[in-house]
file target27.cif (mmCIF, C-alpha atoms)
data_structure
loop_
_atom_site.label_atom_id
_atom_site.label_comp_id
_atom_site.auth_asym_id
_atom_site.auth_seq_id
_atom_site.Cartn_x
_atom_site.Cartn_y
_atom_site.Cartn_z
CA MET A 17 17.26 6.04 19.74
CA PRO A 18 19.54 4.53 17.06
CA SER A 19 19.92 6.43 13.81
CA PRO A 20 18.00 5.06 10.81
CA LEU A 21 21.10 5.82 8.71
CA SER A 22 24.10 3.56 8.35
CA PRO A 23 27.52 4.84 9.57
CA GLU A 24 28.70 4.83 5.95
CA LEU A 25 25.82 7.08 4.87
CA GLN A 26 26.32 9.43 7.82
CA ALA A 27 30.02 9.75 6.96
CA ALA A 28 29.25 10.35 3.28
CA LEU A 29 26.71 13.05 4.15
CA ALA A 30 29.23 14.71 6.49
CA ARG A 31 31.85 14.74 3.72
CA GLY A 32 29.26 16.16 1.37
CA LEU A 33 28.56 18.95 3.88
CA GLU A 34 32.24 19.88 3.91
CA ARG A 35 32.44 19.80 0.12
CA ARG A 36 29.30 21.88 -0.19
CA ALA A 37 30.85 24.60 1.94
CA ASP A 38 33.69 24.87 -0.59
CA HIS A 39 32.66 23.76 -4.05
CA GLY A 40 29.33 21.99 -3.87
CA VAL A 41 28.78 18.23 -3.93
CA ALA A 42 29.12 16.64 -7.33
CA GLY A 43 30.56 13.69 -9.15
CA PRO A 44 31.69 10.64 -7.17
CA ASP A 45 30.73 12.11 -3.79
CA LEU A 46 27.12 12.66 -4.79
CA ASP A 47 26.95 9.32 -6.62
CA ARG A 48 28.13 7.60 -3.44
CA ILE A 49 25.49 9.40 -1.36
CA VAL A 50 22.73 8.43 -3.80
CA ASP A 51 23.91 4.80 -3.76
CA LEU A 52 23.90 4.72 0.04
CA LEU A 53 20.49 6.38 0.20
CA GLY A 54 19.27 3.56 -2.01
CA GLU A 55 20.23 1.07 0.71
CA VAL A 56 17.91 2.67 3.31
CA PRO A 57 14.69 0.62 3.63
CA PRO A 58 11.78 2.67 2.24
CA GLU A 59 9.69 2.01 5.35
CA ARG A 60 12.14 4.23 7.29
CA ILE A 61 11.36 7.34 5.26
CA THR A 62 9.51 9.15 8.06
CA THR A 63 12.41 8.85 10.51
CA ALA A 64 15.25 9.05 7.97
CA ASP A 65 13.93 12.32 6.52
CA GLY A 66 15.08 14.49 9.41
CA ALA A 67 18.19 12.41 10.08
CA ILE A 68 19.44 12.97 6.53
CA ALA A 69 18.81 16.71 6.75
CA TYR A 70 20.73 16.91 10.03
CA ALA A 71 23.69 14.82 8.85
CA ALA A 72 23.95 16.72 5.55
CA GLY A 73 23.44 20.16 7.06
CA LEU A 74 20.36 20.88 4.98
CA HIS A 75 19.22 23.81 7.08
CA ARG A 76 16.97 26.74 6.32
CA GLU A 77 19.81 29.24 6.54
CA PRO A 78 23.34 29.01 5.10
CA LEU A 79 25.85 27.56 7.54
CA PRO A 80 28.01 30.24 9.27
CA SER A 81 31.17 28.40 8.20
CA ARG A 82 30.26 28.50 4.51
CA ARG A 83 32.99 30.34 2.59
CA ARG A 84 32.30 33.28 0.36
CA TRP A 85 32.31 33.05 -3.40
CA PHE A 86 33.07 36.30 -5.16
CA GLY A 87 32.15 38.13 -2.00
CA LYS A 88 28.75 36.42 -1.49
CA PRO A 89 27.80 33.37 0.56
CA ARG A 90 27.14 30.38 -1.66
CA THR A 91 23.56 29.44 -0.98
CA ASP A 92 21.96 26.07 -1.56
CA SER A 93 19.82 27.65 -4.27
CA GLU A 94 22.97 28.60 -6.16
CA LEU A 95 24.46 25.15 -5.62
CA LEU A 96 21.30 23.47 -6.91
CA ALA A 97 21.30 25.74 -9.98
CA ARG A 98 24.91 24.79 -10.71
CA SER A 99 24.50 21.08 -9.90
CA PRO A 100 20.94 19.88 -10.66
CA ASP A 101 21.92 16.36 -9.55
CA LEU A 102 21.75 17.68 -5.98
CA ALA A 103 17.96 17.52 -6.30
CA LEU A 104 17.86 13.94 -4.98
CA LEU A 105 19.67 15.06 -1.82
CA PHE A 106 17.77 18.32 -1.45
CA LEU A 107 14.47 16.40 -1.28
CA PHE A 108 15.30 16.26 2.44
CA HIS A 109 16.09 19.97 2.86
CA ARG A 110 14.48 21.72 5.82
CA ASP A 111 13.68 24.76 3.67
CA GLY A 112 10.39 24.14 1.88
CA ARG A 113 11.47 26.34 -1.03
CA MET A 114 14.48 24.10 -1.57
CA ARG A 115 12.34 20.97 -1.47
CA GLU A 116 10.03 22.57 -4.02
CA SER A 117 12.96 23.47 -6.28
CA ALA A 118 14.45 19.99 -5.95
CA LEU A 119 11.17 18.36 -6.94
CA ALA A 120 10.85 20.66 -9.94
CA ARG A 121 14.25 19.48 -11.25
CA LEU A 122 13.46 15.76 -11.18
CA SER A 123 12.17 14.35 -14.44
CA ASP A 124 13.49 10.79 -14.73
CA GLY A 125 12.62 7.55 -12.95
CA LEU A 126 13.63 7.24 -9.31
CA PRO A 127 16.71 5.03 -8.83
CA SER A 128 15.72 3.22 -5.60
CA PRO A 129 12.69 2.36 -3.45
CA PHE A 130 13.85 4.78 -0.75
CA LEU A 131 14.09 7.75 -3.11
CA PHE A 132 10.71 6.80 -4.57
CA ALA A 133 9.40 6.84 -0.99
CA ALA A 134 11.03 10.26 -0.49
CA VAL A 135 8.97 11.76 -3.34
CA ALA A 136 5.87 9.96 -2.04
CA TRP A 137 6.53 11.42 1.43
CA ARG A 138 6.67 14.91 -0.10
CA LEU A 139 3.11 14.32 -1.35
CA ASN A 140 2.23 14.51 2.35
CA ASP A 141 4.50 17.50 3.06
CA TRP A 142 3.34 20.10 5.57
CA SER A 143 3.82 22.80 2.92
CA ALA A 144 1.08 23.02 0.28
CA PRO A 145 3.43 24.35 -2.47
CA VAL A 146 5.73 21.39 -1.85
CA ARG A 147 2.81 18.98 -2.14
CA THR A 148 1.86 20.60 -5.44
CA ALA A 149 5.43 20.30 -6.72
CA ALA A 150 5.56 16.71 -5.51
CA MET A 151 2.42 15.83 -7.45
CA ALA A 152 3.88 17.31 -10.64
CA CYS A 153 7.16 15.49 -9.99
CA ALA A 154 5.35 12.21 -9.36
CA ARG A 155 3.44 12.51 -12.63
CA ARG A 156 6.75 12.90 -14.45
CA CYS A 157 8.85 10.38 -12.56
CA PHE A 158 6.60 7.60 -11.28
CA PRO A 159 5.64 6.24 -14.73
CA ARG A 160 9.33 6.10 -15.68
CA THR A 161 10.42 4.30 -12.50
CA PRO A 162 11.16 0.56 -12.91
CA PRO A 163 8.35 -1.68 -11.61
CA GLU A 164 10.70 -3.47 -9.19
CA VAL A 165 11.42 -0.16 -7.45
CA VAL A 166 7.74 0.84 -7.22
CA ALA A 167 6.66 -2.62 -6.02
CA ARG A 168 9.27 -2.68 -3.24
CA CYS A 169 8.10 0.74 -2.12
CA ALA A 170 4.45 -0.31 -2.32
CA ALA A 171 5.09 -3.28 -0.06
CA ALA A 172 6.71 -0.96 2.47
CA LEU A 173 4.38 2.04 2.35
CA HIS A 174 0.89 0.61 1.93
CA LEU A 175 0.43 0.49 5.71
CA GLN A 176 2.24 3.73 6.59
CA ARG A 177 0.39 5.84 4.05
CA LEU A 178 -2.91 5.06 5.76
CA GLY A 179 -1.78 7.33 8.60
CA TRP A 180 -0.68 10.24 6.41
CA SER A 181 -3.20 13.00 7.01
CA ARG A 182 -2.02 16.19 5.28
CA TRP A 183 -2.65 15.10 1.71
CA SER A 184 -5.96 14.75 -0.08
CA GLY A 185 -6.01 14.63 -3.89
CA GLU A 186 -2.26 14.01 -3.94
CA ARG A 187 -2.79 10.39 -2.93
CA ALA A 188 -4.30 9.62 -6.35
CA VAL A 189 -0.95 9.84 -8.13
CA LEU A 190 0.55 7.31 -5.73
CA ASP A 191 -2.44 4.99 -6.10
CA GLU A 192 -1.98 5.21 -9.86
CA ALA A 193 1.67 4.20 -9.59
CA PHE A 194 0.96 1.33 -7.19
CA GLY A 195 -1.83 0.14 -9.48
CA ARG A 196 0.33 -0.23 -12.58
CA PRO A 197 -0.08 -3.79 -13.95
CA ASP A 198 3.68 -4.38 -14.08
CA VAL A 199 3.96 -3.16 -10.48
CA THR A 200 1.15 -5.33 -9.10
CA ALA A 201 2.65 -8.42 -10.74
CA ARG A 202 5.94 -7.83 -8.94
CA LEU A 203 4.19 -6.84 -5.72
CA ALA A 204 2.40 -10.19 -5.76
CA ASP A 205 5.77 -11.92 -6.11
CA LEU A 206 7.11 -9.94 -3.15
CA LEU A 207 4.14 -10.78 -0.93
CA ILE A 208 4.33 -14.44 -1.88
CA GLY A 209 8.04 -14.76 -1.17
CA GLN A 210 8.37 -12.52 1.89
CA MET A 211 9.27 -14.60 4.95
CA THR A 212 8.90 -11.91 7.61
CA GLY A 213 6.88 -8.76 8.13
CA PRO A 214 3.17 -7.92 8.20
CA VAL A 215 2.35 -9.40 4.79
CA ALA A 216 -1.26 -10.19 5.73
CA ARG A 217 -1.85 -6.60 6.87
CA VAL A 218 -0.24 -5.26 3.70
CA LEU A 219 -2.47 -7.53 1.64
CA ARG A 220 -5.55 -6.21 3.42
CA ALA A 221 -4.40 -2.62 2.80
CA VAL A 222 -3.71 -3.29 -0.88
CA SER A 223 -7.15 -4.89 -1.26
CA ARG A 224 -8.82 -1.49 -0.93
CA THR A 225 -8.24 -1.25 -4.69
CA PRO A 226 -8.75 -4.07 -7.22
CA ALA A 227 -5.14 -4.00 -8.46
CA LEU A 228 -4.11 -7.24 -6.74
CA ASP A 229 -7.38 -9.14 -7.25
CA PRO A 230 -6.08 -11.28 -10.16
CA TYR A 231 -3.24 -12.58 -7.94
CA LEU A 232 -5.24 -13.46 -4.81
CA LEU A 233 -5.69 -17.11 -5.75
CA ARG A 234 -1.95 -17.47 -6.31
CA VAL A 235 -1.16 -15.72 -3.01
CA ALA A 236 -3.61 -18.03 -1.22
CA ALA A 237 -1.82 -21.06 -2.66
CA GLU A 238 1.86 -20.04 -2.71
CA ALA A 239 2.57 -17.38 -0.07
CA VAL A 240 5.33 -18.39 2.33
CA GLN A 241 3.56 -16.93 5.36
CA PRO A 242 0.46 -18.85 6.49
CA ALA A 243 -1.14 -15.60 7.63
CA ALA A 244 -0.83 -14.23 4.09
CA ARG A 245 -2.41 -17.36 2.59
CA ALA A 246 -5.21 -17.14 5.15
CA ALA A 247 -5.83 -13.44 4.41
CA ALA A 248 -5.98 -14.04 0.65
CA LEU A 249 -8.26 -17.04 1.11
CA SER A 250 -10.56 -15.02 3.38
CA LEU A 251 -10.92 -12.32 0.72
CA LEU A 252 -11.72 -14.92 -1.93
CA VAL A 253 -14.22 -16.74 0.27
CA GLU A 254 -16.00 -13.55 1.24
CA GLY A 255 -15.95 -12.27 -2.33
CA LYS A 256 -15.27 -8.75 -1.12
CA ALA A 257 -12.69 -6.57 0.57
CA SER A 258 -13.61 -4.44 3.56
CA TRP A 259 -11.67 -1.98 5.69
CA PRO A 260 -12.36 0.32 8.66
CA VAL A 261 -13.15 3.95 7.84
CA GLY A 262 -13.82 5.18 11.35
CA ARG A 263 -15.81 4.45 14.47
CA ASP A 264 -19.34 5.24 15.55
CA TRP A 265 -21.61 4.63 18.50
CA GLN A 266 -23.88 1.59 18.54
CA TRP A 267 -26.71 1.19 21.02
CA VAL A 268 -26.52 -1.82 23.31
CA ASP A 269 -29.60 -0.94 25.38
CA LYS A 270 -31.38 2.36 24.79
CA SER A 271 -33.56 1.93 27.88
CA ILE A 272 -30.56 2.37 30.14
CA GLY A 273 -28.53 4.59 27.77
CA ARG A 274 -25.87 1.94 27.21
CA ARG A 275 -23.85 2.12 24.00
CA ARG A 276 -20.44 1.20 22.67
CA LEU A 277 -17.98 2.34 20.01
CA VAL A 278 -17.73 0.06 16.98
CA PHE A 279 -15.74 0.22 13.78
CA VAL A 280 -17.50 1.40 10.63
CA TYR A 281 -16.41 -0.40 7.46
CA ASP A 282 -16.41 0.34 3.77
CA ALA A 283 -16.30 -2.50 1.26
CA ARG A 284 -16.02 -3.35 -2.42
CA PRO A 285 -16.69 -6.58 -4.35
CA LEU A 286 -13.74 -8.44 -5.78
CA THR A 287 -13.24 -8.25 -9.53
CA VAL A 288 -12.46 -11.98 -9.80
CA GLU A 289 -14.61 -15.06 -9.20
CA PRO A 290 -12.33 -18.11 -9.11
CA GLY A 291 -15.10 -20.45 -7.91
CA LEU A 292 -16.05 -20.85 -4.28
CA ASP A 293 -15.77 -24.66 -4.22
CA ALA A 294 -12.28 -24.63 -5.71
CA VAL A 295 -11.10 -21.92 -3.33
CA ILE A 296 -12.40 -23.72 -0.22
CA ALA A 297 -11.04 -27.07 -1.39
CA GLN A 298 -7.62 -25.48 -1.81
CA GLY A 299 -7.76 -24.09 1.73
CA ILE A 300 -8.96 -27.38 3.21
CA ALA A 301 -5.81 -29.07 1.88
CA ASP A 302 -3.44 -26.37 3.18
CA ARG A 303 -0.68 -27.37 5.59
CA SER A 304 -1.49 -24.51 7.99
CA ALA A 305 -4.27 -24.75 10.56
CA ALA A 306 -4.91 -21.01 10.15
CA VAL A 307 -5.73 -21.50 6.47
CA ARG A 308 -7.81 -24.65 7.07
CA ARG A 309 -9.77 -22.74 9.70
CA VAL A 310 -10.60 -19.97 7.22
CA ALA A 311 -11.60 -22.57 4.63
CA LEU A 312 -13.96 -24.31 7.06
CA GLU A 313 -15.51 -21.00 8.05
CA GLY A 314 -16.12 -20.39 4.37
CA ALA A 315 -17.81 -23.78 4.08
CA MET A 316 -19.78 -23.02 7.23
CA TYR A 317 -21.28 -19.76 5.99
CA ARG A 318 -21.00 -19.84 2.18
CA LEU A 319 -21.83 -23.52 1.60
CA LYS A 320 -24.40 -23.86 4.35
CA GLY A 321 -26.74 -26.78 3.73
CA ARG A 322 -24.77 -28.13 0.79
CA PRO A 323 -23.22 -31.63 0.84
CA GLU A 324 -19.77 -30.20 0.09
CA ALA A 325 -19.71 -28.53 3.50
CA ARG A 326 -20.32 -31.85 5.24
CA THR A 327 -17.64 -33.50 3.08
CA TYR A 328 -15.05 -30.92 4.08
CA ALA A 329 -16.04 -31.11 7.74
CA THR A 330 -15.82 -34.90 7.77
CA ARG A 331 -12.35 -34.74 6.25
CA LEU A 332 -11.12 -32.42 9.02
CA LEU A 333 -12.98 -33.99 11.94
CA GLY A 334 -9.73 -35.54 13.16
CA ASP A 335 -7.55 -32.51 12.45
CA ARG A 336 -4.65 -31.93 14.83
CA SER A 337 -5.84 -28.37 15.46
CA PRO A 338 -8.57 -28.04 18.12
CA SER A 339 -10.01 -24.92 16.47
CA VAL A 340 -10.30 -26.69 13.11
CA ARG A 341 -11.96 -29.73 14.73
CA GLU A 342 -14.35 -27.39 16.55
CA ARG A 343 -15.51 -25.87 13.26
CA ALA A 344 -15.83 -29.28 11.62
CA GLU A 345 -17.98 -30.48 14.51
CA PHE A 346 -20.10 -27.34 14.29
CA ILE A 347 -20.82 -27.95 10.58
CA LEU A 348 -21.75 -31.59 11.18
CA ARG A 349 -23.85 -30.74 14.22
CA THR A 350 -25.73 -28.08 12.26
CA ASP A 351 -26.24 -30.46 9.33
CA THR A 352 -27.80 -33.14 11.54
CA GLY A 353 -30.31 -30.68 12.95
CA GLU A 354 -28.89 -30.41 16.47
CA ALA A 355 -28.97 -27.01 18.10
CA PRO A 356 -25.76 -25.34 16.90
CA GLN A 357 -23.51 -23.14 18.98
CA ALA A 358 -21.23 -20.93 16.92
CA PRO A 359 -17.55 -21.66 17.57
CA ALA A 360 -15.38 -18.98 19.06
CA SER A 361 -13.37 -16.97 16.51
CA GLU A 362 -9.60 -17.24 16.79
CA ASN A 363 -6.73 -15.22 15.43
CA GLY A 364 -3.21 -16.21 14.55
CA CYS A 365 -1.61 -19.38 13.27
CA GLU A 366 -1.20 -22.73 14.91
#
call {"tool": "encode", "arguments": {"input": "target27.cif", "output": "structure tokens"}}
result
Amino acid sequence: MPSPLSPELQAALARGLERRADHGVAGPDLDRIVDLLGEVPPERITTADGAIAYAAGLHREPLPSRRRWFGKPRTDSELLARSPDLALLFLFHRDGRMRESALARLSDGLPSPFLFAAVAWRLNDWSAPVRTAAMACARRCFPRTPPEVVARCAAALHLQRLGWSRWSGERAVLDEAFGRPDVTARLADLLIGQMTGPVARVLRAVSRTPALDPYLLRVAAEAVQPAARAAALSLLVEGKASWPVGRDWQWVDKSIGRRRLVFVYDARPLTVEPGLDAVIAQGIADRSAAVRRVALEGAMYRLKGRPEARTYATRLLGDRSPSVRERAEFILRTDTGEAPQAPASENGCE
């Protein structure tokens, strides 16, 4: 499996290990390591964590080759006390006490999305004292971190953090940082301009809180990815955000004991009401069939029986997409009183 670290970062960490055995890492060497850490994508935090510790020799016990200083082995605790700037590197230490000490020494904004993600990852640390220290560190550092850094990390971690299971109350401090108004404004810009990646899934994950609600109409109109525009439009048409919270059994036929597992959802209403007609009209005119399909489904269920629904369906009756034409025909067939047959739901973009 390829390393999540660049060759330059691995070499810098190896040099830092040698320096630490003699004098400790400080000055240009540490600055270079911090700069290279800043180039690691924040979404790689879970795999890069151990790789950094291995490359930098951040072990639980002092290395056997470490030289003696005034007759005693120089421990990482002593090095951290002498050089507090090592805290950013020691966030990845395998000794929980060192991670706790490193977190306690951080008080300024984090310099890069990856190092922000490193503190966020410590909120989910296996050690409870480290999680406590991480929460205190986050309350000091997250508000002082530039919004561009937090937004880039939010775009990367909103999906991953859903699978983090050790934390409980610690997640609130991260939600607070991701919900900052200056952060959500820049996060909206990132989601709109991002050409690759699971933007639609990130948008759905972010929608669990109302932070991005004011930007949904803009995302639905301007996002580069059709799937992102479709996801934003779907939220606006439904007027609510919903997400799975688990699974439960549902009876299919009690008489024969037949049942099936289904997802259980939680939901919240959106905090914005841009106007259903305007939202659907915007989607009807979109260049992507995926977005037009969502818009017609909105007309089908939210404008049922209204003349606007028939107008939209008539406009798209000759659409180049079969799935869009199918929904337009369904609306017109229902409006004329013929027995309707609900069209099959489709996923993806055409």
call {"tool": "residues_around", "arguments": {"input": "target27.cif", "residues": "region 280-293 of chain A", "least_positions_apart": "2", "cutoff": "7 Å", "atoms": "only C-alpha atoms", "output": "VMD selection string"}}
result
chain A and resid 226 229 to 230 253 255 to 264 278 295 to 297
call {"tool": "resolve_selection", "arguments": {"input": "target27.cif", "expression": "the PyMOL selection byres ((chain A and resi 51) around 12)", "output": "list of chain:residue names"}}
result
A:Glu24, A:Leu25, A:Ala28, A:Leu29, A:Pro44, A:Asp45, A:Leu46, A:Asp47, A:Arg48, A:Ile49, A:Val50, A:Leu52, A:Leu53, A:Gly54, A:Glu55, A:Val56, A:Leu104, A:Leu105, A:Leu126, A:Pro127, A:Ser128, A:Pro129, A:Phe130, A:Leu131
call {"tool": "axis_aligned_box", "arguments": {"input": "target27.cif", "around": "region 106-118 of chain A", "padding_each_side": "3 Å", "output": "AutoDock Vina command-line options"}}
result
--center_x 13.9 --center_y 21.3 --center_z -0.2 --size_x 13.7 --size_y 16.1 --size_z 18.1
call {"tool": "resolve_selection", "arguments": {"input": "target27.cif", "expression": "the PyMOL selection byres ((chain A and resi 101) around 12)", "output": "ChimeraX atom specification"}}
result
/A:40-47,49-50,95-100,102-107,117-124
call {"tool": "residues_near_point", "arguments": {"input": "target27.cif", "point": "(0.9, -3.0, -10.3)", "cutoff": "12 Å", "atoms": "all atoms listed in the file", "output": "number ranges by chain"}}
result
A: 159, 162-171, 190-206, 222, 225-231
call {"tool": "atom_distance", "arguments": {"input": "target27.cif", "atom1": "CA of Leu251 (chain A)", "atom2": "CA of Glu186 (chain A)"}}
result
28.1 Å
call {"tool": "residues_around", "arguments": {"input": "target27.cif", "residues": "Glu238 (chain A)", "least_positions_apart": "5", "cutoff": "10 Å", "atoms": "only C-alpha atoms", "output": "list of chain:residue names"}}
result
A:Asp205, A:Leu207, A:Ile208, A:Gly209, A:Leu232, A:Leu233, A:Ala244, A:Arg245
call {"tool": "residues_around", "arguments": {"input": "target27.cif", "residues": "Leu139 (chain A)", "least_positions_apart": "4", "cutoff": "7 Å", "atoms": "all atoms listed in the file", "output": "list of chain:residue names"}}
result
A:Val135, A:Arg147, A:Ala150, A:Met151, A:Trp183, A:Glu186
call {"tool": "resolve_selection", "arguments": {"input": "target27.cif", "expression": "the PyMOL selection byres ((chain A and resi 304) around 12)", "output": "ChimeraX atom specification"}}
result
/A:236-237,239-246,298-303,305-311,335-337,340,364-366
call {"tool": "closest_residue", "arguments": {"input": "target27.cif", "among": "A:Ala149, A:Leu348, A:Ile61, A:Leu319", "to": "Leu333 (chain A)", "atoms": "all atoms listed in the file"}}
result
A:Leu348
call {"tool": "atom_distance", "arguments": {"input": "target27.cif", "atom1": "CA of Ala30 (chain A)", "atom2": "CA of Asp92 (chain A)"}}
result
15.7 Å
call {"tool": "atom_distance", "arguments": {"input": "target27.cif", "atom1": "CA of Gly179 (chain A)", "atom2": "CA of Asn140 (chain A)"}}
result
10.3 Å
call {"tool": "build_atoms", "arguments": {"input": "target27.cif", "residues": "region 200-209 of chain A", "atoms": "all heavy atoms", "output": "PDB file, keeping the file's coordinate frame"}}
result
ATOM      1  N   THR A 200       1.916  -4.378  -9.910  1.00  0.00           N
ATOM      2  CA  THR A 200       1.150  -5.330  -9.100  1.00  0.00           C
ATOM      3  C   THR A 200       1.638  -6.760  -9.309  1.00  0.00           C
ATOM      4  O   THR A 200       1.609  -7.567  -8.376  1.00  0.00           O
ATOM      5  CB  THR A 200      -0.349  -5.235  -9.446  1.00  0.00           C
ATOM      6  OG1 THR A 200      -0.534  -5.406 -10.858  1.00  0.00           O
ATOM      7  CG2 THR A 200      -0.920  -3.893  -9.036  1.00  0.00           C
ATOM      8  N   ALA A 201       2.105  -7.078 -10.505  1.00  0.00           N
ATOM      9  CA  ALA A 201       2.650  -8.420 -10.740  1.00  0.00           C
ATOM     10  C   ALA A 201       3.872  -8.662  -9.868  1.00  0.00           C
ATOM     11  O   ALA A 201       4.027  -9.746  -9.274  1.00  0.00           O
ATOM     12  CB  ALA A 201       3.001  -8.596 -12.210  1.00  0.00           C
ATOM     13  N   ARG A 202       4.729  -7.670  -9.766  1.00  0.00           N
ATOM     14  CA  ARG A 202       5.940  -7.830  -8.940  1.00  0.00           C
ATOM     15  C   ARG A 202       5.617  -7.716  -7.465  1.00  0.00           C
ATOM     16  O   ARG A 202       6.272  -8.352  -6.636  1.00  0.00           O
ATOM     17  CB  ARG A 202       6.979  -6.800  -9.369  1.00  0.00           C
ATOM     18  CG  ARG A 202       7.640  -7.185 -10.689  1.00  0.00           C
ATOM     19  CD  ARG A 202       8.312  -6.014 -11.374  1.00  0.00           C
ATOM     20  NE  ARG A 202       8.982  -6.458 -12.581  1.00  0.00           N
ATOM     21  CZ  ARG A 202       8.370  -6.695 -13.731  1.00  0.00           C
ATOM     22  NH1 ARG A 202       7.056  -6.553 -13.819  1.00  0.00           N
ATOM     23  NH2 ARG A 202       9.059  -7.079 -14.801  1.00  0.00           N
ATOM     24  N   LEU A 203       4.605  -6.916  -7.126  1.00  0.00           N
ATOM     25  CA  LEU A 203       4.190  -6.840  -5.720  1.00  0.00           C
ATOM     26  C   LEU A 203       3.647  -8.179  -5.260  1.00  0.00           C
ATOM     27  O   LEU A 203       3.933  -8.618  -4.132  1.00  0.00           O
ATOM     28  CB  LEU A 203       3.122  -5.750  -5.562  1.00  0.00           C
ATOM     29  CG  LEU A 203       2.520  -5.595  -4.165  1.00  0.00           C
ATOM     30  CD1 LEU A 203       3.603  -5.281  -3.146  1.00  0.00           C
ATOM     31  CD2 LEU A 203       1.447  -4.505  -4.160  1.00  0.00           C
ATOM     32  N   ALA A 204       2.890  -8.857  -6.104  1.00  0.00           N
ATOM     33  CA  ALA A 204       2.400 -10.190  -5.760  1.00  0.00           C
ATOM     34  C   ALA A 204       3.562 -11.137  -5.494  1.00  0.00           C
ATOM     35  O   ALA A 204       3.533 -11.922  -4.533  1.00  0.00           O
ATOM     36  CB  ALA A 204       1.509 -10.729  -6.874  1.00  0.00           C
ATOM     37  N   ASP A 205       4.589 -11.075  -6.324  1.00  0.00           N
ATOM     38  CA  ASP A 205       5.770 -11.920  -6.110  1.00  0.00           C
ATOM     39  C   ASP A 205       6.422 -11.620  -4.765  1.00  0.00           C
ATOM     40  O   ASP A 205       6.858 -12.532  -4.045  1.00  0.00           O
ATOM     41  CB  ASP A 205       6.791 -11.710  -7.232  1.00  0.00           C
ATOM     42  CG  ASP A 205       6.312 -12.265  -8.569  1.00  0.00           C
ATOM     43  OD1 ASP A 205       5.450 -13.164  -8.559  1.00  0.00           O
ATOM     44  OD2 ASP A 205       6.797 -11.792  -9.618  1.00  0.00           O
ATOM     45  N   LEU A 206       6.510 -10.323  -4.424  1.00  0.00           N
ATOM     46  CA  LEU A 206       7.110  -9.940  -3.150  1.00  0.00           C
ATOM     47  C   LEU A 206       6.300 -10.474  -1.970  1.00  0.00           C
ATOM     48  O   LEU A 206       6.861 -11.014  -1.002  1.00  0.00           O
ATOM     49  CB  LEU A 206       7.217  -8.417  -3.050  1.00  0.00           C
ATOM     50  CG  LEU A 206       8.287  -7.734  -3.900  1.00  0.00           C
ATOM     51  CD1 LEU A 206       8.157  -6.214  -3.786  1.00  0.00           C
ATOM     52  CD2 LEU A 206       9.680  -8.167  -3.471  1.00  0.00           C
ATOM     53  N   LEU A 207       4.986 -10.321  -2.027  1.00  0.00           N
ATOM     54  CA  LEU A 207       4.140 -10.780  -0.930  1.00  0.00           C
ATOM     55  C   LEU A 207       4.173 -12.295  -0.800  1.00  0.00           C
ATOM     56  O   LEU A 207       4.112 -12.839   0.307  1.00  0.00           O
ATOM     57  CB  LEU A 207       2.707 -10.296  -1.141  1.00  0.00           C
ATOM     58  CG  LEU A 207       2.494  -8.779  -1.131  1.00  0.00           C
ATOM     59  CD1 LEU A 207       1.029  -8.441  -1.359  1.00  0.00           C
ATOM     60  CD2 LEU A 207       2.986  -8.165   0.172  1.00  0.00           C
ATOM     61  N   ILE A 208       4.281 -12.979  -1.922  1.00  0.00           N
ATOM     62  CA  ILE A 208       4.330 -14.440  -1.880  1.00  0.00           C
ATOM     63  C   ILE A 208       5.635 -14.925  -1.274  1.00  0.00           C
ATOM     64  O   ILE A 208       5.659 -15.862  -0.472  1.00  0.00           O
ATOM     65  CB  ILE A 208       4.154 -15.008  -3.308  1.00  0.00           C
ATOM     66  CG1 ILE A 208       2.704 -14.851  -3.756  1.00  0.00           C
ATOM     67  CG2 ILE A 208       4.557 -16.479  -3.368  1.00  0.00           C
ATOM     68  CD1 ILE A 208       2.475 -15.161  -5.215  1.00  0.00           C
ATOM     69  N   GLY A 209       6.739 -14.278  -1.614  1.00  0.00           N
ATOM     70  CA  GLY A 209       8.040 -14.760  -1.170  1.00  0.00           C
ATOM     71  C   GLY A 209       8.543 -14.190   0.135  1.00  0.00           C
ATOM     72  O   GLY A 209       9.550 -14.671   0.666  1.00  0.00           O
TER      73      GLY A 209
END
